[in-house]
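Chemist: Quick one: the structure is below, and I'll ask about it shortly.
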Amino acid sequence: MAFLSRNPQLNQHGELQHLLTIEGLGAGMVRHILDTAQSFVSVSEREVKKIPLLRGKSIFNLFFEPSTRTRTTFEIAAKRLSADVINLNINASSQSKGETVLDTVDNLAAMQADMFIVRHAQSGAAHFIAGHVAPHIHVVNAGDGRHAHPTQGLLDMYTIRHYKQEFHNLRVAIVGDVLHSRVARSQIHALTTLGVPEVRVIAPKTLLPAQVERMGVQVYHDMAQGLKDVDVVIMLRLQNERMRGALLPSAQEYFKSYGLTQDKLALAKSDAIVMHPGPMNRGVEIDSDVADGNQSVILPQVTFGIAVRMAVMSILAGSKQ
Amino acid sequence: MQLPDAEKLAQTMAQQLGPYLNANSALVGMHTGGVWLAERIHALLGKDIPLGTLDVSFYRDDFNQSGLHAEVAPSDIPFDVTGRDIILVDDVLYTGRSVRAAMNELFDYGRPSSIMLAVLVDRGGRELPISSQVTGAVLALAPDQNIQLNRDPQGRLSLSLRQITA
């Protein structure tokens with residue numbers, strides 16, 4: 001059955017029609033997105049930070065789950081491409097009146113939507129919508145459950161390449177709540193796709209998915225061992241609700257074992273960079289001294305995120321029907 | 001067809017550009033061939049003129065038909081465009097659509113005092129009211145012929161002709 005072997009993100013010409021996950025994209029496509037993003041960085045540094053590429057296109061930010069940074073950077077990216085952007089906070093409207101996701105999507109498609117940026121608490125929501133829409137409509141996954149957050153993974157790769165140039169000689173550590181993190185999954189897929197030889201995850205057993213090593217990572221439970229000689233430290237947000245789920249004793253105890261302090265960071269390479277997808281919990285997973293320190297590239301990540309999202313949207317919109 | 005020597009054409013162009021230059025001049029090459037040509041002319045002029053590069057992929061009028069070009073290079077304009085007399089440099093002038101795109105992009109950097117166009121080869125076939133002020137050579141080519149500028153590892157420029165197969 002042909003549809004089973006087909007990558008649902010690609011059209012019959014092998015072009016990217018939707019961006020749902022980094023898994024299975026291939027190094028060539030990931031590099032193409034990063035290279036294209038590089039051209040968009042220079043657009044953001046000009047007097048007129050706008051290009052006419054998506055003039056006349058309507059992009060719907062379809063957020064079934066709250067988000068500030070991701071929604072805002074998608075909105076800025078779309079506006080810099082001259083698209084019309086419509087933000088929908090679904091929780092507050094249709095769904096509370098009982099409309100199904102596909103009915104919402106159909107209604108917006110009837111309003112001549114060209115692209116949906118989808119954030120949903122359910123894993124697979126963006127896939128589901130991509131399988132339903134007409135061929136001229138593009139879908140970008142802006143985070144689905146625990147599954148994937150591909151543009152975050154891509155902007156992290158852009159950031160790493162910006163500071164470290166290459167991937168083939170890096171040691172990267174991802175620290176924290178990998179179990180609930182769609183960001184970590186996208187990062188791991190991107191790092192292994194781009195040929196990073198050593199990806200480490202550092203977390204207590206309760207915050208790691210079963211058989212995580214099958215994703216091609218090395219597992220550490222101790223920060224001192226895991227951070228030794230790494231080039232990149234990626235901290236994950238610890239969601240406070242995990243404390244209630246009895247996965248962790250307390251925020252203070254977590255910080256003591258897994259919070260990133262200057263002392264722990266000193267075990268990494270002296271030129272190691274510190275990343276965080278945000279929003280940060282200062283004093284829980286990261287110390288303020290580190291978050292604001294000279295090895296932190298957390299704010300540049302946000303800036304690069306705009307260029308990466310501009311690249312993704314223009315590559316999708318430019319694919320053949 | 002005997003193609004002209006690109007190196008000699010570049011020298012002629014540099015001589016022709018001489019009288020146009022002033023303290024406000026800046027060279028801008030269009031990716032990819034135009035950048036090579038602008039760099040060569042810049043070296044031949046031997047003057048302290050700012051040099052920039054443009055990739056017009058984001059301003060092309062065929063995005064809805066063809067999508068984004070496979071390889072987009074960053075535009076780099078390391079000077080203030082406002083008030084400048086810009087010399088836009090490209091290898092081949094054909095429909096004029098790339099030049100229109102380049103002018104649109106330049107205006108998003110600022111308001112130049114003037115823009116003139118210098119091309120290595122004018123192959124005819126214009127679809128827009130655009131013409132070059134400095135022209136290396138005029139060649140009459142058929143629509144199924146594709147002329148392009150090449151640069152070898154030693155940095156030597158040459159022209160080549162290719163038949164487009166449908």
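Identifiers in this document derive from the order of the structure tokens: chains are assigned A, B, ..., residues are numbered from 1 separately in each chain, and ligands are numbered from 1 in order of occurrence.
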Mind listing as a CSV table (one decimal) with N, CA and C atoms, in the first residue's frame which residues of chain A are within 12 Å of chain B, counting only C-alpha atoms?

Modeler:
```
chain,number,residue,atom,x,y,z
A,15,GLU,N,9.3,17.1,-2.4
A,15,GLU,CA,9.4,18.4,-1.7
A,15,GLU,C,8.7,18.4,-0.4
A,16,LEU,N,9.1,19.3,0.5
A,16,LEU,CA,8.4,19.4,1.8
A,16,LEU,C,7.1,20.1,1.7
A,17,GLN,N,6.0,19.4,1.9
A,17,GLN,CA,4.7,20.0,1.9
A,17,GLN,C,4.2,20.4,3.2
A,28,GLY,N,20.0,16.2,4.2
A,28,GLY,CA,20.0,17.1,3.1
A,28,GLY,C,18.9,18.2,3.3
A,29,MET,N,17.7,17.7,3.6
A,29,MET,CA,16.6,18.6,3.8
A,29,MET,C,16.8,19.5,5.1
A,31,ARG,N,19.6,20.5,6.3
A,31,ARG,CA,20.6,21.5,6.0
A,31,ARG,C,20.1,22.5,5.0
A,32,HIS,N,19.2,22.1,4.1
A,32,HIS,CA,18.6,23.1,3.2
A,32,HIS,C,17.8,24.1,4.0
A,33,ILE,N,17.0,23.6,5.0
A,33,ILE,CA,16.3,24.6,5.8
A,33,ILE,C,17.2,25.5,6.6
A,34,LEU,N,18.3,25.0,7.2
A,34,LEU,CA,19.2,25.8,7.9
A,34,LEU,C,19.9,26.8,7.0
A,35,ASP,N,20.3,26.4,5.8
A,35,ASP,CA,20.9,27.3,4.8
A,35,ASP,C,19.9,28.4,4.4
A,36,THR,N,18.7,28.1,4.2
A,36,THR,CA,17.7,29.1,3.8
A,36,THR,C,17.5,30.1,4.9
A,37,ALA,N,17.4,29.5,6.2
A,37,ALA,CA,17.3,30.4,7.3
A,37,ALA,C,18.4,31.4,7.4
A,38,GLN,N,19.6,31.0,7.0
A,38,GLN,CA,20.7,32.0,7.1
A,38,GLN,C,20.4,33.2,6.3
A,39,SER,N,19.8,33.0,5.1
A,39,SER,CA,19.5,34.2,4.3
A,39,SER,C,18.4,35.1,4.9
A,40,PHE,N,17.6,34.5,5.7
A,40,PHE,CA,16.5,35.3,6.3
A,40,PHE,C,17.0,36.0,7.5
A,41,VAL,N,18.1,35.6,8.1
A,41,VAL,CA,18.7,36.3,9.3
A,41,VAL,C,19.1,37.7,8.8
A,42,SER,N,19.7,37.8,7.6
A,42,SER,CA,20.1,39.1,7.1
A,42,SER,C,18.9,40.0,6.8
A,43,VAL,N,17.8,39.4,6.4
A,43,VAL,CA,16.6,40.2,6.2
A,43,VAL,C,16.2,40.9,7.5
A,44,SER,N,16.3,40.2,8.6
A,44,SER,CA,15.9,40.7,9.9
A,44,SER,C,16.8,41.8,10.4
A,45,GLU,N,17.9,42.0,9.8
A,45,GLU,CA,18.9,43.0,10.2
A,45,GLU,C,18.8,44.3,9.4
A,46,ARG,N,17.8,44.3,8.4
A,46,ARG,CA,17.7,45.5,7.5
A,46,ARG,C,16.8,46.5,8.1
A,47,GLU,N,16.7,47.7,7.4
A,47,GLU,CA,15.8,48.7,7.8
A,47,GLU,C,14.3,48.3,7.6
A,48,VAL,N,14.0,47.7,6.4
A,48,VAL,CA,12.7,47.2,6.1
A,48,VAL,C,12.8,45.7,6.3
A,49,LYS,N,12.3,45.2,7.4
A,49,LYS,CA,12.4,43.7,7.7
A,49,LYS,C,11.4,42.9,7.1
A,50,LYS,N,11.1,43.1,5.9
A,50,LYS,CA,9.9,42.5,5.2
A,50,LYS,C,10.3,42.1,3.8
A,51,ILE,N,9.9,41.0,3.3
A,51,ILE,CA,10.0,40.6,1.9
A,51,ILE,C,8.7,40.2,1.4
A,52,PRO,N,8.5,40.3,0.1
A,52,PRO,CA,7.2,40.1,-0.5
A,52,PRO,C,6.8,38.7,-0.8
A,53,LEU,N,7.6,37.7,-0.3
A,53,LEU,CA,7.4,36.3,-0.8
A,53,LEU,C,6.0,35.7,-0.6
A,54,LEU,N,5.4,35.9,0.5
A,54,LEU,CA,4.1,35.3,0.8
A,54,LEU,C,2.9,36.3,0.8
A,55,ARG,N,3.1,37.3,-0.1
A,55,ARG,CA,2.1,38.3,-0.2
A,55,ARG,C,0.8,37.7,-0.7
A,56,GLY,N,-0.3,38.0,0.0
A,56,GLY,CA,-1.6,37.4,-0.4
A,56,GLY,C,-1.9,36.1,0.2
A,57,LYS,N,-1.0,35.5,0.9
A,57,LYS,CA,-1.3,34.2,1.5
A,57,LYS,C,-1.8,34.4,3.0
A,80,ARG,N,6.8,39.1,8.4
A,80,ARG,CA,8.0,39.5,7.7
A,80,ARG,C,8.0,38.9,6.2
A,81,LEU,N,7.3,37.8,6.0
A,81,LEU,CA,7.1,37.3,4.7
A,81,LEU,C,5.9,37.9,4.0
A,82,SER,N,5.3,38.9,4.6
A,82,SER,CA,4.2,39.7,4.0
A,82,SER,C,2.9,38.8,3.9
A,136,HIS,N,-3.4,22.0,-1.5
A,136,HIS,CA,-2.7,23.3,-1.6
A,136,HIS,C,-2.5,23.9,-0.2
A,307,ALA,N,14.0,33.5,11.9
A,307,ALA,CA,14.6,33.2,10.6
A,307,ALA,C,14.3,31.8,10.2
A,310,MET,N,10.7,31.5,9.2
A,310,MET,CA,10.5,32.1,7.8
A,310,MET,C,10.9,31.1,6.8
A,311,ALA,N,12.1,30.4,7.0
A,311,ALA,CA,12.6,29.5,6.0
A,311,ALA,C,11.6,28.3,5.8
A,312,VAL,N,11.1,27.8,7.0
A,312,VAL,CA,10.1,26.7,6.9
A,312,VAL,C,8.9,27.1,6.1
A,313,MET,N,8.3,28.2,6.4
A,313,MET,CA,7.1,28.6,5.8
A,313,MET,C,7.3,28.9,4.3
A,314,SER,N,8.4,29.5,3.9
A,314,SER,CA,8.6,29.7,2.5
A,314,SER,C,8.9,28.5,1.7
A,315,ILE,N,9.6,27.5,2.3
A,315,ILE,CA,9.9,26.3,1.6
A,315,ILE,C,8.6,25.5,1.4
A,316,LEU,N,7.7,25.5,2.4
A,316,LEU,CA,6.5,24.8,2.3
A,316,LEU,C,5.6,25.5,1.2
A,317,ALA,N,5.5,26.8,1.3
A,317,ALA,CA,4.6,27.5,0.4
A,317,ALA,C,5.1,27.4,-1.0
A,318,GLY,N,6.4,27.2,-1.2
A,318,GLY,CA,6.9,27.1,-2.5
A,318,GLY,C,6.9,25.7,-3.1
A,319,SER,N,6.4,24.7,-2.4
A,319,SER,CA,6.4,23.3,-2.9
A,319,SER,C,5.2,23.2,-3.9
A,320,LYS,N,5.5,22.3,-4.9
A,320,LYS,CA,4.4,22.1,-5.9
A,320,LYS,C,3.2,21.4,-5.4
A,321,GLN,N,2.1,21.6,-6.1
A,321,GLN,CA,0.9,20.9,-5.6
A,321,GLN,C,0.8,19.6,-6.3
```

Chemist: Could you build a table of the residues in stretch 86-194 of chain A lying no more than 12 Å from stretch 291-296 of chain A, giving for each the nearest pair of atoms and their separation in Å rounded to one decimal place, using only C-alpha atoms, ordered by chain and ascending residue number, as a Markdown table?

Modeler:
```
| residue | atom | partner | partner_atom | distance |
| --- | --- | --- | --- | --- |
| A:Thr159 | CA | A:Ser296 | CA | 11.3 |
| A:Ile160 | CA | A:Ser296 | CA | 11.9 |
| A:Tyr163 | CA | A:Gln295 | CA | 10.7 |
```

Chemist: Mind dumping the selected residues with N, CA and C atoms as a PDB file, in the first residue's frame?

Modeler:
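Written out: result_15.pdb:
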```
ATOM      1  N   THR A 159      21.206  27.363  15.899  1.00  0.00           N
ATOM      2  CA  THR A 159      21.992  28.015  16.947  1.00  0.00           C
ATOM      3  C   THR A 159      23.322  27.278  17.144  1.00  0.00           C
ATOM      4  N   ILE A 160      23.254  25.949  17.189  1.00  0.00           N
ATOM      5  CA  ILE A 160      24.485  25.172  17.378  1.00  0.00           C
ATOM      6  C   ILE A 160      25.437  25.410  16.213  1.00  0.00           C
ATOM      7  N   TYR A 163      27.266  28.785  16.385  1.00  0.00           N
ATOM      8  CA  TYR A 163      28.367  28.925  17.346  1.00  0.00           C
ATOM      9  C   TYR A 163      29.449  27.877  17.162  1.00  0.00           C
TER      10      TYR A 163
END
```

Chemist: Contacts of B:Gln16 at 10 Å or less, counting only C-alpha atoms, minus same-chain residues fewer than 3 places along, as an MDAnalysis selection string?

Modeler: chainID B and resid 10:13 19:20 118 133:136

Chemist: Need the shell around stretch 225-230 of chain A: protein/DNA/RNA residues with any atom at most 6 Å away, counting only C-alpha atoms. Skip same-chain ones fewer than 5 positions apart. Format as a list of chain:residue names?

Modeler: A:Arg171, A:Val172, A:Tyr220, A:Leu267, A:Ala268, A:Lys269

Chemist: Excluding A:Ile90 and residues on its chain fewer than 6 positions from it, collect all residues at most 8 Å away from it, counting only C-alpha atoms, and give them as a PyMOL selection string.

Modeler: chain A and resi 62-65

Chemist: Distance atom CA of B:Asp85-atom CA of B:Gly18, one decimal place?

Modeler: 13.4 Å

Chemist: I'd like the neighbourhood of stretch 111-125 of chain A as a PyMOL selection string, where a residue qualifies if any of its atoms comes within 8 Å (using only C-alpha atoms), though same-chain residues fewer than 5 positions away should be ignored.

Modeler: chain A and resi 57-65+74+136-148+317

Chemist: Write down as a count of residues only the residues of chain B whose backbone DSSP state falls under strand (DSSP E).

Modeler: 47
